[in-house]
Amino acid sequence: MIEILESRIAPAAVFFYTDVDGDHVKVSVTGTKGTNAELATAVEAGLTNFGSGQKAVGNPHQLGLLTLGSDFAGGSLSITSTPSTDLDPVGTTTLMGNGFVNVGEINATGIDMASVSIHGDLGQIIVGSGVGKTPGLGSLNVDSMGNFGTSTGSNSMLSRFINGVTSITVAHDVNGVLLRAERANSTSTVPTAKIGSIFIGGNLIGGSATDTGEIAAADGIGSVKIMGSVIGGSAADTGRIDTNAGGNIGSIMIGGDLVGGSATATGVIFSPADIGSVTIKGSVLGGSAITTGGIDGENIGSVAIGGDLMGTAFSSTSNVDHAGFVRVQDNIKTVLVGGSLIPGSETGGGTLSFSASIQAGQTLGAMTVLGSIQGTATQTVVISGAGLKAPTKRTQDPAIVSVSVGGSSNYAVIEGGYDLNGNPVSGDAQIGAVKIGGDMIASDIIAGVKVKTAGTDFGTSTDTTIDVPTTPPVLTDGILSMIKSIVVGGQIEGTVATGDSFGIEAQLIGPITTGGVKLQIEKTGTPLLDDEYISQTTGHDVHIREFPGM
């Protein structure tokens, strides 16, 4: 007797309809107990024109909303299309349709699903039961998202993955859509709202409504790969990749540019926790509002920018800070900029600060700029590190590990001992080797020193050391602020203007070489190396000063 084995093929519910341009569309859900009749009811309820007596096949329909009930929990939804003769009025064999199907909204509220796949554009998806630690969705695979706004039937541009999603793959653009992994409720303490990975074959585009063109996860993102650009919009928090409840981000790769918009916090990568690495093949471009076009994390392993770190030229009466920037609250291991640091300009009466800046709340690691620093008299470029919150060695407090600039440095302020707002906070801060391939013009290199009056120039006799850190109490008695060495391929110069000055200042300054010649700087025995200057311009306004230890 031959025993008939139980079938291993998951049951499938299937329904067919014709879309608006003539494609023959197949909707199927596998791996659930949902029936053909249940799926037919769900699809028919979301088709336009269906209630007027038209059949699903042979008449043009838009699937505006597909609501899946509990019988489809754990299933895999697939919506595919092929050109057909469904709309041919005379029965010929002329194919119609473009092979893609556009869907307004998938509503799977209250159930988890294994996968959702759509061969076309999707406006919105809501999925997840919020039960336990299981992700609301295993995988989402679509051709694009949001290209038609809400015109295809979605309720909004917000897609929600309750308890997270394992992977998201979008072949082309994500346009004005928010992809958000969120916890089941505001009181949940289980950190399950994660995006495992996301791939976008086109651009991530912000829009005119808040939180659009955004990838957000409360509890972290594994990896992000975007082949195009991330573009901020005209509303706040658009064109963003972020976590907001302490979640880490593994790695980010952007094949194009990171572009700030005209509203606050646009064109930004942000995590209140750690980011493994950020690679941007193009440029980072600031916008015309606060915190635009930038990278911001607690700690970052590495940042590599293929093009420029650049602000923008705009006219406003507002005060704008951090437009085109890299900022970490604590530490960053390495920064590589393949182009130049260019701050841009503001011509409307407001101020522009920290544009094209690179800053660390503790230690800025090895920083390399293959191009030049192109600051101006009104828009300097800030490179800073504050130093360690709690040094573990009596003689070491690294604020900036090293700086290497391939071209020239114009109006740069390289400063150790300064926080992210530009305030002097540590007289122990140390800077490693500084190397500038071209000229060093109207630039400062400062470690643990402050000006007497905020807003005035470095390099004057009234400069003084910053107080040592007092919170938390640390062993700082043996730490001297330091600049390890400076090598400048060209000349070190100030300006021909009178009344300005620039400084190379610390408690201990290593060898300085300019144009291949090591400077002979003799100590005078006084507390300061007063009037030791190296500029060839009017006023000799680049001064070198060492300060006594504390």
# chains A, B, ... in the order shown; residues from 1 in each chain; ligands from 1

$ residues_around --residues "stretch 248-259 of chain A" --least-positions-apart "6" --cutoff "8 Å" --atoms "only C-alpha atoms" --output "PyMOL selection string"
chain A and resi 219-232+266-268+271-287+292-294

$ residues_around --residues "stretch 114-129 of chain A" --least-positions-apart "3" --cutoff "6 Å" --atoms "only C-alpha atoms" --output "ChimeraX atom specification"
/A:74-80,100-111,136-146,154,157,159-162

$ write_last_selection --atoms "N, CA and C atoms" --output "tab-separated table (two decimals), in the first residue's frame"
chain	number	residue	atom	x	y	z
A	74	GLY	N	0.73	36.18	9.17
A	74	GLY	CA	1.89	35.34	8.87
A	74	GLY	C	2.07	35.05	7.39
A	75	GLY	N	1.23	35.59	6.56
A	75	GLY	CA	1.28	35.27	5.14
A	75	GLY	C	2.26	36.11	4.34
A	76	SER	N	2.41	35.73	3.08
A	76	SER	CA	3.25	36.44	2.12
A	76	SER	C	2.35	36.99	1.03
A	77	LEU	N	2.27	38.32	0.94
A	77	LEU	CA	1.44	38.98	-0.07
A	77	LEU	C	2.28	39.31	-1.29
A	78	SER	N	1.76	38.96	-2.46
A	78	SER	CA	2.42	39.28	-3.72
A	78	SER	C	1.41	39.90	-4.68
A	79	ILE	N	1.77	41.05	-5.25
A	79	ILE	CA	0.92	41.70	-6.25
A	79	ILE	C	1.79	41.93	-7.49
A	80	THR	N	1.46	41.23	-8.56
A	80	THR	CA	2.23	41.31	-9.80
A	80	THR	C	1.32	41.68	-10.95
A	100	PHE	N	3.51	47.31	-14.70
A	100	PHE	CA	3.60	47.69	-13.29
A	100	PHE	C	2.21	47.99	-12.75
A	101	VAL	N	2.03	47.74	-11.45
A	101	VAL	CA	0.76	48.00	-10.80
A	101	VAL	C	1.01	48.92	-9.61
A	102	ASN	N	0.23	49.99	-9.51
A	102	ASN	CA	0.39	50.95	-8.42
A	102	ASN	C	-0.71	50.75	-7.39
A	103	VAL	N	-0.31	50.65	-6.13
A	103	VAL	CA	-1.23	50.35	-5.04
A	103	VAL	C	-1.21	51.50	-4.04
A	104	GLY	N	-2.37	51.92	-3.60
A	104	GLY	CA	-2.44	53.03	-2.65
A	104	GLY	C	-1.96	52.63	-1.28
A	105	GLU	N	-2.68	51.74	-0.61
A	105	GLU	CA	-2.36	51.40	0.78
A	105	GLU	C	-2.57	49.93	1.06
A	106	ILE	N	-1.63	49.34	1.80
A	106	ILE	CA	-1.80	48.00	2.37
A	106	ILE	C	-2.01	48.19	3.86
A	107	ASN	N	-3.17	47.76	4.37
A	107	ASN	CA	-3.48	47.89	5.79
A	107	ASN	C	-3.55	46.50	6.40
A	108	ALA	N	-2.47	46.16	7.13
A	108	ALA	CA	-2.43	44.88	7.84
A	108	ALA	C	-2.30	45.15	9.34
A	109	THR	N	-3.02	46.15	9.81
A	109	THR	CA	-2.99	46.50	11.23
A	109	THR	C	-3.45	45.31	12.06
A	110	GLY	N	-2.67	44.98	13.09
A	110	GLY	CA	-3.06	43.91	14.00
A	110	GLY	C	-2.53	42.54	13.63
A	111	ILE	N	-1.86	42.41	12.48
A	111	ILE	CA	-1.28	41.12	12.12
A	111	ILE	C	0.16	41.30	11.67
A	136	GLY	N	6.88	43.21	12.83
A	136	GLY	CA	5.58	43.27	12.17
A	136	GLY	C	5.63	42.75	10.75
A	137	LEU	N	6.78	42.91	10.08
A	137	LEU	CA	6.93	42.45	8.70
A	137	LEU	C	8.32	41.88	8.52
A	138	GLY	N	8.37	40.73	7.81
A	138	GLY	CA	9.66	40.15	7.48
A	138	GLY	C	10.38	40.96	6.41
A	139	SER	N	9.77	41.08	5.23
A	139	SER	CA	10.42	41.83	4.15
A	139	SER	C	9.39	42.59	3.32
A	140	LEU	N	9.81	43.77	2.87
A	140	LEU	CA	9.02	44.56	1.93
A	140	LEU	C	9.85	44.74	0.68
A	141	ASN	N	9.26	44.43	-0.47
A	141	ASN	CA	9.97	44.55	-1.74
A	141	ASN	C	9.03	45.21	-2.75
A	142	VAL	N	9.36	46.44	-3.16
A	142	VAL	CA	8.50	47.19	-4.08
A	142	VAL	C	9.38	47.88	-5.12
A	143	ASP	N	8.74	48.36	-6.19
A	143	ASP	CA	9.49	49.07	-7.22
A	143	ASP	C	9.79	50.51	-6.81
A	144	SER	N	8.83	51.18	-6.20
A	144	SER	CA	9.02	52.55	-5.72
A	144	SER	C	7.99	52.82	-4.65
A	145	MET	N	8.16	53.95	-3.93
A	145	MET	CA	7.18	54.35	-2.93
A	145	MET	C	6.93	55.84	-3.02
A	146	GLY	N	5.66	56.21	-3.07
A	146	GLY	CA	5.26	57.61	-3.00
A	146	GLY	C	5.34	58.40	-4.27
A	154	SER	N	-3.84	56.06	-1.02
A	154	SER	CA	-3.33	55.93	0.35
A	154	SER	C	-3.92	57.02	1.24
A	157	MET	N	1.17	59.57	3.76
A	157	MET	CA	2.47	59.12	3.29
A	157	MET	C	3.27	58.45	4.41
A	159	SER	N	4.18	55.22	6.50
A	159	SER	CA	4.18	53.77	6.59
A	159	SER	C	4.71	53.35	7.94
A	160	ARG	N	3.97	52.46	8.62
A	160	ARG	CA	4.31	52.07	9.99
A	160	ARG	C	4.55	50.57	10.05
A	161	PHE	N	5.69	50.22	10.67
A	161	PHE	CA	6.03	48.83	10.89
A	161	PHE	C	6.06	48.61	12.40
A	162	ILE	N	4.97	48.06	12.94
A	162	ILE	CA	4.87	47.88	14.38
A	162	ILE	C	5.81	46.74	14.79

$ atom_distance --atom1 "atom CA of A:Gly427" --atom2 "atom CA of A:Ile466"
4.2 Å

$ atom_distance --atom1 "atom CA of A:Phe148" --atom2 "atom CA of A:Thr85"
25.0 Å

$ closest_residue --among "A:Ile241, A:Ile436, A:Val131, A:Val174" --to "A:Leu204" --atoms "only C-alpha atoms"
A:Val174

$ atom_distance --atom1 "atom CA of A:Gly422" --atom2 "atom CA of A:Ala454"
10.0 Å

$ select_by_dssp --residues "stretch 415-498 of chain A" --states "strand (DSSP E or B)" --output "JSON list (two decimals) with N, CA, C and O atoms, in the first residue's frame"
[["chain", "number", "residue", "atom", "x", "y", "z"],
["A", 415, "GLU", "N", 40.69, 73.96, 16.57],
["A", 415, "GLU", "CA", 40.75, 74.27, 17.99],
["A", 415, "GLU", "C", 40.43, 73.06, 18.86],
["A", 415, "GLU", "O", 39.46, 72.35, 18.65],
["A", 416, "GLY", "N", 41.30, 72.83, 19.84],
["A", 416, "GLY", "CA", 41.08, 71.81, 20.84],
["A", 416, "GLY", "C", 40.66, 72.44, 22.15],
["A", 416, "GLY", "O", 41.18, 73.48, 22.56],
["A", 418, "TYR", "N", 37.19, 72.98, 22.77],
["A", 418, "TYR", "CA", 35.96, 73.72, 22.51],
["A", 418, "TYR", "C", 34.79, 72.76, 22.27],
["A", 418, "TYR", "O", 34.93, 71.75, 21.58],
["A", 424, "PRO", "N", 34.71, 77.59, 25.05],
["A", 424, "PRO", "CA", 35.94, 77.00, 25.61],
["A", 424, "PRO", "C", 35.62, 76.21, 26.86],
["A", 424, "PRO", "O", 35.00, 76.73, 27.80],
["A", 430, "GLN", "N", 44.48, 68.51, 23.64],
["A", 430, "GLN", "CA", 45.68, 68.31, 22.85],
["A", 430, "GLN", "C", 45.34, 68.03, 21.39],
["A", 430, "GLN", "O", 44.34, 67.36, 21.10],
["A", 431, "ILE", "N", 46.18, 68.55, 20.49],
["A", 431, "ILE", "CA", 46.04, 68.35, 19.05],
["A", 431, "ILE", "C", 47.27, 67.63, 18.55],
["A", 431, "ILE", "O", 48.40, 67.99, 18.90],
["A", 432, "GLY", "N", 47.08, 66.59, 17.73],
["A", 432, "GLY", "CA", 48.20, 65.84, 17.16],
["A", 432, "GLY", "C", 48.82, 66.58, 15.99],
["A", 432, "GLY", "O", 48.76, 67.81, 15.88],
["A", 433, "ALA", "N", 49.39, 65.84, 15.06],
["A", 433, "ALA", "CA", 50.11, 66.43, 13.93],
["A", 433, "ALA", "C", 49.13, 67.12, 12.98],
["A", 433, "ALA", "O", 48.09, 66.58, 12.62],
["A", 434, "VAL", "N", 49.50, 68.34, 12.56],
["A", 434, "VAL", "CA", 48.73, 69.10, 11.58],
["A", 434, "VAL", "C", 49.60, 69.26, 10.33],
["A", 434, "VAL", "O", 50.73, 69.73, 10.42],
["A", 435, "LYS", "N", 49.05, 68.86, 9.19],
["A", 435, "LYS", "CA", 49.79, 68.96, 7.93],
["A", 435, "LYS", "C", 48.93, 69.65, 6.89],
["A", 435, "LYS", "O", 47.80, 69.22, 6.63],
["A", 436, "ILE", "N", 49.44, 70.70, 6.28],
["A", 436, "ILE", "CA", 48.73, 71.46, 5.25],
["A", 436, "ILE", "C", 49.62, 71.50, 4.02],
["A", 436, "ILE", "O", 50.75, 71.97, 4.07],
["A", 440, "MET", "N", 48.94, 78.22, 4.56],
["A", 440, "MET", "CA", 48.06, 78.40, 5.71],
["A", 440, "MET", "C", 47.82, 79.89, 5.85],
["A", 440, "MET", "O", 48.69, 80.64, 6.29],
["A", 441, "ILE", "N", 46.63, 80.32, 5.47],
["A", 441, "ILE", "CA", 46.34, 81.75, 5.37],
["A", 441, "ILE", "C", 45.21, 82.12, 6.32],
["A", 441, "ILE", "O", 44.13, 81.50, 6.29],
["A", 444, "ASP", "N", 43.83, 79.74, 12.40],
["A", 444, "ASP", "CA", 44.28, 79.54, 13.77],
["A", 444, "ASP", "C", 44.44, 78.05, 14.05],
["A", 444, "ASP", "O", 43.65, 77.23, 13.57],
["A", 445, "ILE", "N", 45.44, 77.72, 14.88],
["A", 445, "ILE", "CA", 45.56, 76.38, 15.46],
["A", 445, "ILE", "C", 45.73, 76.58, 16.95],
["A", 445, "ILE", "O", 46.74, 77.11, 17.42],
["A", 446, "ILE", "N", 44.72, 76.17, 17.72],
["A", 446, "ILE", "CA", 44.61, 76.55, 19.13],
["A", 446, "ILE", "C", 44.34, 75.29, 19.96],
["A", 446, "ILE", "O", 43.44, 74.51, 19.63],
["A", 447, "ALA", "N", 45.06, 75.12, 21.06],
["A", 447, "ALA", "CA", 44.81, 74.01, 21.97],
["A", 447, "ALA", "C", 44.77, 74.53, 23.40],
["A", 447, "ALA", "O", 45.78, 75.02, 23.93],
["A", 449, "VAL", "N", 43.43, 77.17, 24.76],
["A", 449, "VAL", "CA", 43.61, 78.62, 24.93],
["A", 449, "VAL", "C", 42.32, 79.33, 24.51],
["A", 449, "VAL", "O", 41.63, 78.87, 23.59],
["A", 450, "LYS", "N", 42.03, 80.45, 25.17],
["A", 450, "LYS", "CA", 40.85, 81.22, 24.81],
["A", 450, "LYS", "C", 41.21, 82.71, 24.72],
["A", 450, "LYS", "O", 42.23, 83.16, 25.25],
["A", 464, "THR", "N", 44.50, 83.72, 27.01],
["A", 464, "THR", "CA", 44.83, 83.02, 28.23],
["A", 464, "THR", "C", 44.40, 81.56, 28.13],
["A", 464, "THR", "O", 43.65, 81.19, 27.23],
["A", 465, "THR", "N", 44.87, 80.74, 29.03],
["A", 465, "THR", "CA", 44.49, 79.32, 29.00],
["A", 465, "THR", "C", 43.06, 79.15, 29.49],
["A", 465, "THR", "O", 42.55, 79.92, 30.31],
["A", 482, "MET", "N", 48.49, 70.90, 24.07],
["A", 482, "MET", "CA", 49.62, 70.64, 23.18],
["A", 482, "MET", "C", 49.21, 70.66, 21.72],
["A", 482, "MET", "O", 48.10, 70.24, 21.38],
["A", 483, "ILE", "N", 50.11, 71.13, 20.87],
["A", 483, "ILE", "CA", 50.05, 70.92, 19.41],
["A", 483, "ILE", "C", 51.30, 70.13, 19.07],
["A", 483, "ILE", "O", 52.42, 70.63, 19.23],
["A", 484, "LYS", "N", 51.15, 68.90, 18.62],
["A", 484, "LYS", "CA", 52.30, 68.01, 18.45],
["A", 484, "LYS", "C", 53.28, 68.52, 17.40],
["A", 484, "LYS", "O", 54.49, 68.59, 17.63],
["A", 485, "SER", "N", 52.77, 68.87, 16.23],
["A", 485, "SER", "CA", 53.64, 69.39, 15.16],
["A", 485, "SER", "C", 52.79, 70.04, 14.09],
["A", 485, "SER", "O", 51.60, 69.73, 13.95],
["A", 486, "ILE", "N", 53.42, 70.95, 13.33],
["A", 486, "ILE", "CA", 52.74, 71.61, 12.21],
["A", 486, "ILE", "C", 53.69, 71.60, 11.02],
["A", 486, "ILE", "O", 54.84, 72.04, 11.12],
["A", 487, "VAL", "N", 53.21, 71.08, 9.90],
["A", 487, "VAL", "CA", 53.97, 71.10, 8.65],
["A", 487, "VAL", "C", 53.10, 71.79, 7.59],
["A", 487, "VAL", "O", 51.99, 71.33, 7.30],
["A", 488, "VAL", "N", 53.59, 72.89, 7.04],
["A", 488, "VAL", "CA", 52.87, 73.64, 6.00],
["A", 488, "VAL", "C", 53.74, 73.65, 4.76],
["A", 488, "VAL", "O", 54.89, 74.09, 4.80],
["A", 492, "ILE", "N", 52.97, 80.41, 5.89],
["A", 492, "ILE", "CA", 52.00, 80.73, 6.93],
["A", 492, "ILE", "C", 51.82, 82.24, 6.91],
["A", 492, "ILE", "O", 52.79, 82.98, 7.13],
["A", 493, "GLU", "N", 50.60, 82.69, 6.65],
["A", 493, "GLU", "CA", 50.36, 84.11, 6.46],
["A", 493, "GLU", "C", 49.10, 84.56, 7.18],
["A", 493, "GLU", "O", 48.18, 83.77, 7.40]]

$ residues_around --residues "A:Phe50" --least-positions-apart "5" --cutoff "9 Å" --atoms "only C-alpha atoms" --output "PyMOL selection string"
chain A and resi 44-45+55-56+59+61

$ residues_around --residues "A:Thr453" --least-positions-apart "3" --cutoff "12 Å" --atoms "only C-alpha atoms" --output "list of chain:residue names"
A:Asn423, A:Pro424, A:Lys450, A:Thr456, A:Asp457, A:Phe458, A:Thr460, A:Thr462, A:Asp463, A:Thr464

$ write_last_selection --atoms "N, CA and C atoms" --output "compact mmCIF listing (two decimals), in the first residue's frame"
# COMPACT_ATOMS: atom_id res chain seq x y z
N ASN A 423 32.11 76.93 22.68
CA ASN A 423 32.51 77.46 23.98
C ASN A 423 33.80 76.82 24.46
N PRO A 424 34.71 77.59 25.05
CA PRO A 424 35.94 77.00 25.61
C PRO A 424 35.62 76.21 26.86
N LYS A 450 42.03 80.45 25.17
CA LYS A 450 40.85 81.22 24.81
C LYS A 450 41.21 82.71 24.72
N THR A 456 36.57 88.00 19.65
CA THR A 456 37.77 88.69 19.18
C THR A 456 38.77 87.67 18.63
N ASP A 457 39.86 88.17 18.05
CA ASP A 457 40.82 87.30 17.37
C ASP A 457 41.78 86.63 18.34
N PHE A 458 42.22 85.44 17.94
CA PHE A 458 43.34 84.80 18.62
C PHE A 458 44.64 85.52 18.25
N THR A 460 46.63 87.48 20.36
CA THR A 460 46.95 88.75 21.02
C THR A 460 47.50 88.47 22.41
N THR A 462 46.44 89.27 25.17
CA THR A 462 45.44 89.05 26.23
C THR A 462 44.86 87.65 26.23
N ASP A 463 45.27 86.80 25.29
CA ASP A 463 44.80 85.41 25.29
C ASP A 463 45.26 84.71 26.56
N THR A 464 44.50 83.72 27.01
CA THR A 464 44.83 83.02 28.23
C THR A 464 44.40 81.56 28.13

$ residues_around --residues "A:Leu508" --least-positions-apart "2" --cutoff "9 Å" --atoms "only C-alpha atoms" --output "short mmCIF file (atom, residue, chain, number, x, y, z; two decimals) with C-alpha atoms, in the first residue's frame"
data_model
loop_
_atom_site.label_atom_id
_atom_site.label_comp_id
_atom_site.auth_asym_id
_atom_site.auth_seq_id
_atom_site.Cartn_x
_atom_site.Cartn_y
_atom_site.Cartn_z
CA ALA A 447 44.81 74.01 21.97
CA LEU A 480 49.51 70.18 29.18
CA SER A 481 47.55 71.50 26.22
CA MET A 482 49.62 70.64 23.18
CA ILE A 483 50.05 70.92 19.41
CA LYS A 484 52.30 68.01 18.45
CA GLU A 505 48.76 78.73 20.71
CA ALA A 506 49.05 76.04 23.39
CA GLY A 510 56.09 70.98 18.78
CA ARG A 545 52.59 81.56 21.86
CA GLU A 546 53.28 78.94 24.50
CA PHE A 547 51.57 79.33 27.85
CA PRO A 548 52.82 78.18 31.26
CA GLY A 549 51.50 74.96 32.76
#

$ residues_around --residues "A:Ala360" --least-positions-apart "2" --cutoff "12 Å" --atoms "only C-alpha atoms" --output "JSON, numbers by chain"
{"A": [295, 296, 297, 298, 299, 300, 325, 326, 327, 328, 329, 330, 331, 332, 333, 334, 335, 357, 358, 362, 363, 364, 365, 366, 367, 382, 383, 384, 385, 386, 387, 388, 389, 398, 399, 400, 401, 414, 415, 416, 417, 418, 419, 420, 421, 422]}

$ write_last_selection --atoms "C-alpha atoms" --output "mmCIF file, in the first residue's frame"
data_model
loop_
_atom_site.group_PDB
_atom_site.id
_atom_site.type_symbol
_atom_site.label_atom_id
_atom_site.label_comp_id
_atom_site.auth_asym_id
_atom_site.auth_seq_id
_atom_site.Cartn_x
_atom_site.Cartn_y
_atom_site.Cartn_z
ATOM 1 C CA ILE A 295 25.789 63.903 9.925
ATOM 2 C CA ASP A 296 25.142 63.814 13.670
ATOM 3 C CA GLY A 297 25.659 60.943 16.117
ATOM 4 C CA GLU A 298 26.791 60.072 19.618
ATOM 5 C CA ASN A 299 29.817 58.153 18.356
ATOM 6 C CA ILE A 300 30.741 57.343 14.757
ATOM 7 C CA PHE A 325 28.449 69.661 8.845
ATOM 8 C CA VAL A 326 29.787 66.581 10.597
ATOM 9 C CA ARG A 327 29.142 66.495 14.342
ATOM 10 C CA VAL A 328 29.494 63.845 17.046
ATOM 11 C CA GLN A 329 28.468 64.245 20.645
ATOM 12 C CA ASP A 330 31.439 62.188 21.821
ATOM 13 C CA ASN A 331 34.001 60.514 19.531
ATOM 14 C CA ILE A 332 34.662 59.839 15.874
ATOM 15 C CA LYS A 333 37.527 57.643 14.679
ATOM 16 C CA THR A 334 38.197 59.004 11.193
ATOM 17 C CA VAL A 335 36.893 61.624 8.764
ATOM 18 C CA SER A 357 32.363 72.359 10.180
ATOM 19 C CA ILE A 358 33.682 69.095 11.642
ATOM 20 C CA GLN A 362 35.226 64.640 22.912
ATOM 21 C CA THR A 363 37.814 63.333 20.416
ATOM 22 C CA LEU A 364 37.924 64.062 16.700
ATOM 23 C CA GLY A 365 40.002 61.275 15.187
ATOM 24 C CA ALA A 366 42.294 61.402 12.183
ATOM 25 C CA MET A 367 40.814 63.966 9.775
ATOM 26 C CA VAL A 382 35.659 75.281 12.369
ATOM 27 C CA ILE A 383 37.416 71.985 13.086
ATOM 28 C CA SER A 384 37.200 71.185 16.781
ATOM 29 C CA GLY A 385 37.313 68.647 19.566
ATOM 30 C CA ALA A 386 36.591 69.306 23.242
ATOM 31 C CA GLY A 387 38.823 66.639 24.751
ATOM 32 C CA LEU A 388 37.977 63.711 26.987
ATOM 33 C CA LYS A 389 35.351 64.005 29.691
ATOM 34 C CA PRO A 398 43.281 64.065 22.866
ATOM 35 C CA ALA A 399 40.864 66.567 21.351
ATOM 36 C CA ILE A 400 41.981 66.206 17.708
ATOM 37 C CA VAL A 401 44.141 63.213 16.758
ATOM 38 C CA ILE A 414 41.427 74.318 14.279
ATOM 39 C CA GLU A 415 40.751 74.274 17.991
ATOM 40 C CA GLY A 416 41.082 71.806 20.843
ATOM 41 C CA GLY A 417 39.159 72.337 24.068
ATOM 42 C CA TYR A 418 35.957 73.724 22.510
ATOM 43 C CA ASP A 419 32.469 72.221 22.717
ATOM 44 C CA LEU A 420 29.931 71.836 19.923
ATOM 45 C CA ASN A 421 28.624 75.362 20.485
ATOM 46 C CA GLY A 422 32.074 76.895 20.243
#

$ residues_around --residues "A:Ala216" --least-positions-apart "6" --cutoff "12 Å" --atoms "only C-alpha atoms" --output "ChimeraX atom specification"
/A:158-161,164-165,177-183,193-198,222,224,237-249,268-271

$ write_last_selection --atoms "C-alpha atoms" --output "PDB file, in the first residue's frame"
ATOM      1  CA  LEU A 158       3.239  57.455   6.637  1.00  0.00           C
ATOM      2  CA  SER A 159       4.178  53.771   6.585  1.00  0.00           C
ATOM      3  CA  ARG A 160       4.305  52.075   9.987  1.00  0.00           C
ATOM      4  CA  PHE A 161       6.035  48.829  10.889  1.00  0.00           C
ATOM      5  CA  GLY A 164       9.923  46.690  13.150  1.00  0.00           C
ATOM      6  CA  VAL A 165      10.743  45.125   9.817  1.00  0.00           C
ATOM      7  CA  VAL A 177       7.183  58.719   2.263  1.00  0.00           C
ATOM      8  CA  LEU A 178       8.019  58.149   5.925  1.00  0.00           C
ATOM      9  CA  LEU A 179       9.164  54.586   6.639  1.00  0.00           C
ATOM     10  CA  ARG A 180       8.936  54.228  10.409  1.00  0.00           C
ATOM     11  CA  ALA A 181       9.571  51.237  12.674  1.00  0.00           C
ATOM     12  CA  GLU A 182       7.810  51.901  15.954  1.00  0.00           C
ATOM     13  CA  ARG A 183       6.982  50.209  19.214  1.00  0.00           C
ATOM     14  CA  ALA A 193      11.194  48.617  16.671  1.00  0.00           C
ATOM     15  CA  LYS A 194      14.133  48.094  14.344  1.00  0.00           C
ATOM     16  CA  ILE A 195      14.781  48.132  10.617  1.00  0.00           C
ATOM     17  CA  GLY A 196      17.140  45.276   9.882  1.00  0.00           C
ATOM     18  CA  SER A 197      18.313  46.646   6.540  1.00  0.00           C
ATOM     19  CA  ILE A 198      17.099  48.940   3.794  1.00  0.00           C
ATOM     20  CA  GLY A 222      21.083  47.589  10.807  1.00  0.00           C
ATOM     21  CA  VAL A 224      21.169  51.574   4.904  1.00  0.00           C
ATOM     22  CA  ASP A 237      12.533  66.754   9.286  1.00  0.00           C
ATOM     23  CA  THR A 238      12.480  65.725   5.634  1.00  0.00           C
ATOM     24  CA  GLY A 239      15.103  63.788   3.721  1.00  0.00           C
ATOM     25  CA  ARG A 240      16.353  62.105   6.897  1.00  0.00           C
ATOM     26  CA  ILE A 241      17.743  58.862   8.241  1.00  0.00           C
ATOM     27  CA  ASP A 242      17.335  58.717  12.004  1.00  0.00           C
ATOM     28  CA  THR A 243      16.715  56.815  15.209  1.00  0.00           C
ATOM     29  CA  ASN A 244      15.040  58.602  18.082  1.00  0.00           C
ATOM     30  CA  ALA A 245      14.937  56.330  21.141  1.00  0.00           C
ATOM     31  CA  GLY A 246      18.610  55.511  21.506  1.00  0.00           C
ATOM     32  CA  GLY A 247      18.931  52.999  18.686  1.00  0.00           C
ATOM     33  CA  ASN A 248      22.227  52.474  16.883  1.00  0.00           C
ATOM     34  CA  ILE A 249      22.747  52.530  13.111  1.00  0.00           C
ATOM     35  CA  VAL A 268      20.357  64.860   7.874  1.00  0.00           C
ATOM     36  CA  ILE A 269      21.653  61.573   9.246  1.00  0.00           C
ATOM     37  CA  PHE A 270      20.999  61.461  12.991  1.00  0.00           C
ATOM     38  CA  SER A 271      21.306  59.012  15.868  1.00  0.00           C
TER      39      SER A 271
END

$ closest_residue --among "A:Ser70, A:Thr368, A:Ser315, A:Asn175" --to "A:Val403" --atoms "only C-alpha atoms"
A:Thr368

$ closest_residue --among "A:Met96, A:Met113, A:Val451, A:Ala356" --to "A:Val337" --atoms "only C-alpha atoms"
A:Ala356
